[in-house]
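J.: My structure file entry.tsv, TSV, N, CA and C atoms, is below:
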chain	number	residue	atom	x	y	z
A	1	MET	N	108.16	91.33	121.75
A	1	MET	CA	108.18	89.93	122.10
A	1	MET	C	106.83	89.53	122.65
A	2	HIS	N	106.30	88.47	122.10
A	2	HIS	CA	105.06	87.91	122.61
A	2	HIS	C	105.34	86.48	123.00
A	3	GLY	N	104.92	86.12	124.18
A	3	GLY	CA	105.15	84.76	124.63
A	3	GLY	C	104.39	84.49	125.91
A	4	CYS	N	104.60	83.32	126.43
A	4	CYS	CA	103.93	82.95	127.67
A	4	CYS	C	104.58	83.67	128.85
A	5	GLU	N	103.91	83.63	129.98
A	5	GLU	CA	104.40	84.34	131.16
A	5	GLU	C	105.76	83.80	131.61
A	6	LYS	N	105.93	82.48	131.55
A	6	LYS	CA	107.18	81.86	131.99
A	6	LYS	C	108.35	82.33	131.12
A	7	CYS	N	108.18	82.30	129.81
A	7	CYS	CA	109.26	82.71	128.90
A	7	CYS	C	109.56	84.21	129.04
A	8	MET	N	108.53	85.01	129.23
A	8	MET	CA	108.75	86.44	129.40
A	8	MET	C	109.54	86.73	130.68
A	9	LYS	N	109.24	85.99	131.74
A	9	LYS	CA	109.93	86.17	133.01
A	9	LYS	C	111.39	85.74	132.88
A	10	ILE	N	111.64	84.61	132.25
A	10	ILE	CA	113.02	84.14	132.05
A	10	ILE	C	113.80	85.13	131.19
A	11	GLY	N	113.17	85.64	130.13
A	11	GLY	CA	113.82	86.63	129.27
A	11	GLY	C	114.16	87.90	130.02
A	12	GLY	N	113.25	88.35	130.89
A	12	GLY	CA	113.51	89.54	131.69
A	12	GLY	C	114.67	89.36	132.65
A	13	ILE	N	114.75	88.19	133.26
A	13	ILE	CA	115.85	87.90	134.18
A	13	ILE	C	117.18	87.87	133.43
A	14	ILE	N	117.19	87.26	132.24
A	14	ILE	CA	118.41	87.20	131.45
A	14	ILE	C	118.86	88.60	131.04
A	15	ILE	N	117.92	89.44	130.62
A	15	ILE	CA	118.27	90.82	130.26
A	15	ILE	C	118.84	91.57	131.45
A	16	LEU	N	118.25	91.38	132.63
A	16	LEU	CA	118.75	92.04	133.83
A	16	LEU	C	120.17	91.59	134.16
A	17	VAL	N	120.43	90.29	134.08
A	17	VAL	CA	121.77	89.77	134.37
A	17	VAL	C	122.78	90.31	133.37
A	18	LEU	N	122.43	90.29	132.08
A	18	LEU	CA	123.33	90.82	131.07
A	18	LEU	C	123.59	92.31	131.28
A	19	GLY	N	122.56	93.04	131.66
A	19	GLY	CA	122.72	94.47	131.93
A	19	GLY	C	123.68	94.73	133.08
A	20	VAL	N	123.56	93.95	134.14
A	20	VAL	CA	124.46	94.10	135.29
A	20	VAL	C	125.89	93.74	134.90
A	21	LEU	N	126.06	92.68	134.10
A	21	LEU	CA	127.40	92.30	133.67
A	21	LEU	C	128.05	93.40	132.84
A	22	PHE	N	127.29	93.99	131.92
A	22	PHE	CA	127.86	95.06	131.10
A	22	PHE	C	128.07	96.34	131.91
A	23	LEU	N	127.24	96.58	132.92
A	23	LEU	CA	127.48	97.72	133.81
A	23	LEU	C	128.78	97.52	134.57
A	24	LEU	N	129.02	96.32	135.08
A	24	LEU	CA	130.28	96.04	135.78
A	24	LEU	C	131.48	96.21	134.85
A	25	ARG	N	131.30	95.82	133.60
A	25	ARG	CA	132.38	96.00	132.62
A	25	ARG	C	132.62	97.48	132.35
A	26	ASP	N	131.53	98.26	132.23
A	26	ASP	CA	131.67	99.69	131.93
A	26	ASP	C	132.34	100.46	133.06
A	27	VAL	N	132.09	100.09	134.30
A	27	VAL	CA	132.71	100.81	135.41
A	27	VAL	C	134.08	100.24	135.77
A	28	GLY	N	134.52	99.21	135.05
A	28	GLY	CA	135.86	98.69	135.24
A	28	GLY	C	136.01	97.69	136.36
A	29	VAL	N	134.91	97.20	136.90
A	29	VAL	CA	134.98	96.23	137.98
A	29	VAL	C	135.36	94.85	137.46
A	30	TRP	N	134.81	94.51	136.30
A	30	TRP	CA	135.02	93.17	135.77
A	30	TRP	C	135.18	93.25	134.26
A	31	ASN	N	136.30	92.81	133.76
A	31	ASN	CA	136.54	92.82	132.33
A	31	ASN	C	136.39	91.38	131.82
A	32	PHE	N	135.36	91.15	131.04
A	32	PHE	CA	135.08	89.80	130.60
A	32	PHE	C	134.87	89.76	129.10
A	33	TRP	N	135.23	88.67	128.50
A	33	TRP	CA	134.94	88.27	127.14
A	33	TRP	C	135.37	89.23	126.04
A	34	ASN	N	135.39	90.49	126.26
A	34	ASN	CA	135.74	91.49	125.26
A	34	ASN	C	134.79	91.43	124.05
A	35	ILE	N	133.49	91.33	124.31
A	35	ILE	CA	132.49	91.37	123.24
A	35	ILE	C	131.66	92.63	123.41
A	36	GLN	N	131.07	93.07	122.33
A	36	GLN	CA	130.26	94.29	122.34
A	36	GLN	C	128.83	93.98	122.74
A	37	TRP	N	128.13	94.99	123.22
A	37	TRP	CA	126.77	94.79	123.72
A	37	TRP	C	125.81	94.40	122.61
A	38	TRP	N	126.02	94.92	121.39
A	38	TRP	CA	125.07	94.61	120.32
A	38	TRP	C	125.19	93.14	119.88
A	39	THR	N	126.36	92.55	120.05
A	39	THR	CA	126.50	91.12	119.76
A	39	THR	C	125.64	90.32	120.72
A	40	VAL	N	125.65	90.69	121.98
A	40	VAL	CA	124.83	90.02	122.98
A	40	VAL	C	123.35	90.20	122.68
A	41	VAL	N	122.96	91.38	122.21
A	41	VAL	CA	121.55	91.62	121.88
A	41	VAL	C	121.10	90.70	120.75
A	42	PHE	N	121.90	90.60	119.70
A	42	PHE	CA	121.54	89.71	118.59
A	42	PHE	C	121.46	88.25	119.04
A	43	LEU	N	122.41	87.82	119.84
A	43	LEU	CA	122.39	86.45	120.35
A	43	LEU	C	121.17	86.20	121.24
A	44	PHE	N	120.85	87.18	122.10
A	44	PHE	CA	119.70	87.05	122.99
A	44	PHE	C	118.40	86.92	122.20
A	45	PHE	N	118.20	87.81	121.24
A	45	PHE	CA	116.95	87.76	120.47
A	45	PHE	C	116.86	86.49	119.62
A	46	GLY	N	117.98	86.04	119.09
A	46	GLY	CA	117.97	84.79	118.34
A	46	GLY	C	117.61	83.61	119.21
A	47	LEU	N	118.21	83.55	120.39
A	47	LEU	CA	117.91	82.45	121.31
A	47	LEU	C	116.48	82.50	121.83
A	48	THR	N	115.96	83.70	122.09
A	48	THR	CA	114.58	83.78	122.58
A	48	THR	C	113.59	83.36	121.50
A	49	HIS	N	113.84	83.71	120.25
A	49	HIS	CA	112.94	83.28	119.18
A	49	HIS	C	112.98	81.77	119.01
A	50	ILE	N	114.15	81.19	119.11
A	50	ILE	CA	114.25	79.73	119.04
A	50	ILE	C	113.51	79.10	120.23
A	51	GLY	N	113.70	79.67	121.41
A	51	GLY	CA	113.02	79.15	122.60
A	51	GLY	C	111.51	79.25	122.50
A	52	HIS	N	111.01	80.38	121.97
A	52	HIS	CA	109.56	80.54	121.80
A	52	HIS	C	109.00	79.53	120.82
A	53	SER	N	109.79	79.16	119.82
A	53	SER	CA	109.28	78.22	118.82
A	53	SER	C	109.14	76.80	119.38
A	54	PHE	N	109.86	76.48	120.45
A	54	PHE	CA	109.75	75.16	121.07
A	54	PHE	C	108.78	75.12	122.25
A	55	CYS	N	108.36	76.26	122.76
A	55	CYS	CA	107.49	76.32	123.94
A	55	CYS	C	106.03	76.18	123.51
A	56	PRO	N	105.35	75.13	123.99
A	56	PRO	CA	103.94	74.95	123.59
A	56	PRO	C	103.03	76.08	124.09
A	57	GLU	N	103.33	76.64	125.25
A	57	GLU	CA	102.50	77.75	125.77
A	57	GLU	C	102.65	78.99	124.92
A	58	CYS	N	103.85	79.26	124.44
A	58	CYS	CA	104.07	80.43	123.58
A	58	CYS	C	103.33	80.26	122.26
A	59	LYS	N	103.30	79.04	121.75
A	59	LYS	CA	102.57	78.79	120.50
A	59	LYS	C	101.08	79.07	120.68
A	60	LYS	N	100.53	78.74	121.86
A	60	LYS	CA	99.11	79.02	122.13
A	60	LYS	C	98.86	80.52	122.21
A	61	VAL	N	99.78	81.25	122.85
A	61	VAL	CA	99.62	82.70	123.02
A	61	VAL	C	99.67	83.41	121.67
A	62	LYS	N	100.54	82.94	120.77
A	62	LYS	CA	100.69	83.59	119.47
A	62	LYS	C	99.46	83.42	118.59
A	63	LYS	N	98.68	82.35	118.81
A	63	LYS	CA	97.49	82.12	117.98
A	63	LYS	C	96.37	82.92	118.47
I'd like the structure from this file rewritten - as structure tokens, please.

T.:
Amino acid sequence: MHGCEKCMKIGGIIILVLGVLFLLRDVGVWNFWNIQWWTVVFLFFGLTHIGHSFCPECKKVKK
């Protein structure tokens, strides 16, 4: 992933939150949604690519 500092920070926070949620699901503390982790990964990467395409700072970094 290449992007601006703001988008990279937001993406890192989202990955951390998703990781904690799936950890809680794995240890049986919280059972939510009944979706698999790879579905979340595909959704996350799709959303981040869409987000990068709208961010003017990310467009500058990519050039």

J.: Which residue is closest to Ile15 (chain A)? Choose from A:Val27, A:Ile35, A:Val40, A:Gly3 and count only C-alpha atoms.

T.: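 Nearest to Ile15 (chain A): A:Val40.
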
J.: Between CA of Lys6 (chain A) and CA of Phe54 (chain A), what distance in Å does the model show, to one decimal?

T.: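 Going from CA of Lys6 (chain A) over to CA of Phe54 (chain A), I get 13.1 Å.
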
J.: Could you please write out, as a short mmCIF file (atom, residue, chain, number, x, y, z; two decimals) with N, CA and C atoms, keeping the file's coordinate frame, every residue of chain A that DSSP assigns to alpha helix (DSSP H)?

T.:
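Contents of the output file part11.cif:
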data_model
loop_
_atom_site.label_atom_id
_atom_site.label_comp_id
_atom_site.auth_asym_id
_atom_site.auth_seq_id
_atom_site.Cartn_x
_atom_site.Cartn_y
_atom_site.Cartn_z
N GLU A 5 103.91 83.63 129.98
CA GLU A 5 104.40 84.34 131.16
C GLU A 5 105.76 83.80 131.61
N LYS A 6 105.93 82.48 131.55
CA LYS A 6 107.18 81.86 131.99
C LYS A 6 108.35 82.33 131.12
N CYS A 7 108.18 82.30 129.81
CA CYS A 7 109.26 82.71 128.90
C CYS A 7 109.56 84.21 129.04
N MET A 8 108.53 85.01 129.23
CA MET A 8 108.75 86.44 129.40
C MET A 8 109.54 86.73 130.68
N LYS A 9 109.24 85.99 131.74
CA LYS A 9 109.93 86.17 133.01
C LYS A 9 111.39 85.74 132.88
N ILE A 10 111.64 84.61 132.25
CA ILE A 10 113.02 84.14 132.05
C ILE A 10 113.80 85.13 131.19
N GLY A 11 113.17 85.64 130.13
CA GLY A 11 113.82 86.63 129.27
C GLY A 11 114.16 87.90 130.02
N GLY A 12 113.25 88.35 130.89
CA GLY A 12 113.51 89.54 131.69
C GLY A 12 114.67 89.36 132.65
N ILE A 13 114.75 88.19 133.26
CA ILE A 13 115.85 87.90 134.18
C ILE A 13 117.18 87.87 133.43
N ILE A 14 117.19 87.26 132.24
CA ILE A 14 118.41 87.20 131.45
C ILE A 14 118.86 88.60 131.04
N ILE A 15 117.92 89.44 130.62
CA ILE A 15 118.27 90.82 130.26
C ILE A 15 118.84 91.57 131.45
N LEU A 16 118.25 91.38 132.63
CA LEU A 16 118.75 92.04 133.83
C LEU A 16 120.17 91.59 134.16
N VAL A 17 120.43 90.29 134.08
CA VAL A 17 121.77 89.77 134.37
C VAL A 17 122.78 90.31 133.37
N LEU A 18 122.43 90.29 132.08
CA LEU A 18 123.33 90.82 131.07
C LEU A 18 123.59 92.31 131.28
N GLY A 19 122.56 93.04 131.66
CA GLY A 19 122.72 94.47 131.93
C GLY A 19 123.68 94.73 133.08
N VAL A 20 123.56 93.95 134.14
CA VAL A 20 124.46 94.10 135.29
C VAL A 20 125.89 93.74 134.90
N LEU A 21 126.06 92.68 134.10
CA LEU A 21 127.40 92.30 133.67
C LEU A 21 128.05 93.40 132.84
N PHE A 22 127.29 93.99 131.92
CA PHE A 22 127.86 95.06 131.10
C PHE A 22 128.07 96.34 131.91
N LEU A 23 127.24 96.58 132.92
CA LEU A 23 127.48 97.72 133.81
C LEU A 23 128.78 97.52 134.57
N LEU A 24 129.02 96.32 135.08
CA LEU A 24 130.28 96.04 135.78
C LEU A 24 131.48 96.21 134.85
N ARG A 25 131.30 95.82 133.60
CA ARG A 25 132.38 96.00 132.62
C ARG A 25 132.62 97.48 132.35
N ASP A 26 131.53 98.26 132.23
CA ASP A 26 131.67 99.69 131.93
C ASP A 26 132.34 100.46 133.06
N TRP A 37 128.13 94.99 123.22
CA TRP A 37 126.77 94.79 123.72
C TRP A 37 125.81 94.40 122.61
N TRP A 38 126.02 94.92 121.39
CA TRP A 38 125.07 94.61 120.32
C TRP A 38 125.19 93.14 119.88
N THR A 39 126.36 92.55 120.05
CA THR A 39 126.50 91.12 119.76
C THR A 39 125.64 90.32 120.72
N VAL A 40 125.65 90.69 121.98
CA VAL A 40 124.83 90.02 122.98
C VAL A 40 123.35 90.20 122.68
N VAL A 41 122.96 91.38 122.21
CA VAL A 41 121.55 91.62 121.88
C VAL A 41 121.10 90.70 120.75
N PHE A 42 121.90 90.60 119.70
CA PHE A 42 121.54 89.71 118.59
C PHE A 42 121.46 88.25 119.04
N LEU A 43 122.41 87.82 119.84
CA LEU A 43 122.39 86.45 120.35
C LEU A 43 121.17 86.20 121.24
N PHE A 44 120.85 87.18 122.10
CA PHE A 44 119.70 87.05 122.99
C PHE A 44 118.40 86.92 122.20
N PHE A 45 118.20 87.81 121.24
CA PHE A 45 116.95 87.76 120.47
C PHE A 45 116.86 86.49 119.62
N GLY A 46 117.98 86.04 119.09
CA GLY A 46 117.97 84.79 118.34
C GLY A 46 117.61 83.61 119.21
N LEU A 47 118.21 83.55 120.39
CA LEU A 47 117.91 82.45 121.31
C LEU A 47 116.48 82.50 121.83
N THR A 48 115.96 83.70 122.09
CA THR A 48 114.58 83.78 122.58
C THR A 48 113.59 83.36 121.50
N HIS A 49 113.84 83.71 120.25
CA HIS A 49 112.94 83.28 119.18
C HIS A 49 112.98 81.77 119.01
N ILE A 50 114.15 81.19 119.11
CA ILE A 50 114.25 79.73 119.04
C ILE A 50 113.51 79.10 120.23
N GLY A 51 113.70 79.67 121.41
CA GLY A 51 113.02 79.15 122.60
C GLY A 51 111.51 79.25 122.50
N HIS A 52 111.01 80.38 121.97
CA HIS A 52 109.56 80.54 121.80
C HIS A 52 109.00 79.53 120.82
N SER A 53 109.79 79.16 119.82
CA SER A 53 109.28 78.22 118.82
C SER A 53 109.14 76.80 119.38
N PHE A 54 109.86 76.48 120.45
CA PHE A 54 109.75 75.16 121.07
C PHE A 54 108.78 75.12 122.25
N PRO A 56 105.35 75.13 123.99
CA PRO A 56 103.94 74.95 123.59
C PRO A 56 103.03 76.08 124.09
N GLU A 57 103.33 76.64 125.25
CA GLU A 57 102.50 77.75 125.77
C GLU A 57 102.65 78.99 124.92
N CYS A 58 103.85 79.26 124.44
CA CYS A 58 104.07 80.43 123.58
C CYS A 58 103.33 80.26 122.26
N LYS A 59 103.30 79.04 121.75
CA LYS A 59 102.57 78.79 120.50
C LYS A 59 101.08 79.07 120.68
N LYS A 60 100.53 78.74 121.86
CA LYS A 60 99.11 79.02 122.13
C LYS A 60 98.86 80.52 122.21
N VAL A 61 99.78 81.25 122.85
CA VAL A 61 99.62 82.70 123.02
C VAL A 61 99.67 83.41 121.67
N LYS A 62 100.54 82.94 120.77
CA LYS A 62 100.69 83.59 119.47
C LYS A 62 99.46 83.42 118.59
#

J.: Would you mind reading off the distance between atom N of Glu57 (chain A) and CA of Cys7 (chain A), one decimal, in Å?

T.: 9.2 Å

J.: State, in Å with one decimal place, the distance from CA of Ile50 (chain A) to CA of Trp38 (chain A).

T.: 18.4 Å

J.: Go through A:Val17, A:Val29, A:Cys4, A:Leu43 and flag the residue nearest Pro56 (chain A), using all atoms listed in the file for the distances.

T.: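 Between A:Val17, A:Val29, A:Cys4, A:Leu43, the residue approaching Pro56 (chain A) most closely is A:Cys4.
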
J.: With distances taken over only C-alpha atoms, which residue among A:Phe42, A:Thr48, A:His2, A:Asn34 lies nearest Ile14 (chain A)?

T.: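 Looking at the shortest contact to Ile14 (chain A), the residue is A:Thr48.
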
J.: Tell me, as a list in words, which residues lie within 10 Å of Gly19 (chain A), counting only C-alpha atoms; anything in the same chain fewer than 6 positions away does not count.

T.: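 Neighbouring residues, sequence-local ones excluded: Ile13, Arg25 and Trp37 of chain A.
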